[in-house]
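Undergrad: I'd like to ask you about the structure that follows.
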Amino acid sequence: MDDRQWEVLVAAVRGELVHPVPTAFIVDSPWLPNWAGHTILDYFTSDETFFHGNLEAIRAFPRAILLPGFWAEYGMCTEPSAFGAVTLWGQDEFPSPKKVLRSIDDIASLEQPDPRTHGLLPFAINRLRTLRPRIEAEGHAVRFAVTRGPFNIAAFLMGTGEFMLALRTAPAAVRRLLDTITGFLVDWIAWQRECFPSIDGLLVLDDIVGFVGPNDFEAFALPSLARVFEADVTVKAFHNDAPCKACAPYLAGLGVNLLNFGIQHTLAEMRTWTGGAITLLGNVPPRDVLAAGTPGDVARATAALLSSVPDTRRLIVSCGGGMPPGAPTANIQSLIDTVEALTGGPGGHGAHDQTPLELDSPARA
């Protein structure tokens, strides 16, 4: 993410009117390697493949913000690996971590990992350290500390079904587990910020919180997320593309100011549930429209999304979740072009009686 894109992101998060309305996508290993013509394993194991794949995407979509930007990750395995989770790899498959906790009793012996030395975390940091001069030479910077959230990690360590059951049958043990994970996450975020002083954003991804109701969210997730989001950064982003109704009213109180949500809810609903205090990142259907539809389908869905809200402040148009596997260039470009056509100036859709921040539009290739 370059300086101008960061300025636009911060303006949108602060509720300023931006023309055109920004577009942004969470970009990582489910989409990027294959889109760039590489296997997933090559992307994970080669700094050159990782760097050039990210750079190619940045150059292909210069008018969109790619979040978090040069994300050094190993799928869902990055954080669980620090707890000793065995990672299963395939040549062109998403890696998966094996369970670490075979019973509730195992929680008592689980130790808090050190992100400086445990699992795949040192590899993620070293990749960015190695590539940082080249990233910065391209006009970009490491802007975000990124981590999976406490429920997400707990579900991988225990198994999702086992974790959800334990919320009911062993709440004290679950609180101990979440406390250990959260201490690790606070340390992991701080270590990323120490390694890369350019970081002024935090992205936390946790879909599992979408599987509980408000009472369980408040009792179990809220205390952990409150500690995680204590990080003193300008942009605090949360990704949950499972149902968000239960967690949404709590997010602004946590300091979250950017929410990427799924397709289960409308923009209007999310604005109501978040009190209009959070910038929403969404929510064109990712699989059925952005990946499997035509450019015309994407344009229609994007236009319908924009027409559903009378005020485009606190809105960044994206898909409902991360960039989906198989999303083609033409469809992504259709979304970007449609947003710019409908919101491209003070007289366009969503304009208000305040001076908008203009987003530069480099010439198309």
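Ordered as shown in the structure tokens, chains take letters A, B, and onward, while each chain numbers its residues from 1 and ligands are numbered from 1 in the order shown.
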Would you please extract all strand (DSSP E or B) residues from region 153-294 of chain A, as assigned by DSSP on the backbone, and give them as a PyMOL selection string?
TA: chain A and resi 201-205+235-240+258-261+279-284
Undergrad: Any idea what's packed within 8 Å of region 273-288 of chain A, counting only C-alpha atoms, ignoring anything in its chain fewer than 5 positions away? Could you give it as a VMD selection string?
TA: chain A and resid 12 to 15 24 245 248 to 252 256 to 263 266 to 267 293 298 301 to 302 305 313 to 325 327
Undergrad: Of the residues A:Glu136, A:Asp200, A:Glu218, A:Asp114, which is the one nearest to Glu79 (chain A), using only C-alpha atoms?
TA: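 Ranked by minimum distance to Glu79 (chain A), first place goes to A:Asp114.
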Undergrad: Show me a table, sorted first by chain and then by increasing residue number, of the residues of region 256-357 of chain A having an atom at most 10 Å from region 49-62 of chain A, each with its shortest atom pair and the distance in Å to one decimal, counting only C-alpha atoms and written as CSV.
TA:
```
residue,atom,partner,partner_atom,distance
A:Thr329,CA,A:Ala60,CA,8.1
A:Ile332,CA,A:Phe61,CA,8.3
A:Gln333,CA,A:Phe61,CA,7.3
A:Ile336,CA,A:Phe61,CA,8.5
```
Undergrad: If we count only C-alpha atoms, what is near Leu41 (chain A) at a cut-off of 7 Å, once residues fewer than 6 positions away on the same chain are taken out, given as a ChimeraX atom specification?
TA: /A:90-92
Undergrad: What's around Pro30 (chain A) at 9 Å? Count only C-alpha atoms, leave out sequence neighbours fewer than 2 positions away in its own chain, and write the answer as a list in words.
TA: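 So, after excluding close chain neighbours, the residues are Val27, Asp28, Leu32, Pro33, Asn34, Ile40, Gly75, Glu93, Phe94, Gly322, Met323, Pro324, Pro325 and Gly326 of chain A.
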Undergrad: With distances taken over only C-alpha atoms, which of A:Phe25, A:Trp35, A:Trp89, A:Trp188 is nearest to Ala64 (chain A)?
TA: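 Closest to Ala64 (chain A), using only C-alpha atoms: A:Phe25.
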Undergrad: Ranking A:Met164, A:Leu128, A:Val18, A:Val146 by minimum distance to Ala237 (chain A) and counting only C-alpha atoms, which one comes first?
TA: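 Result for the nearest residue to Ala237 (chain A): A:Val146.
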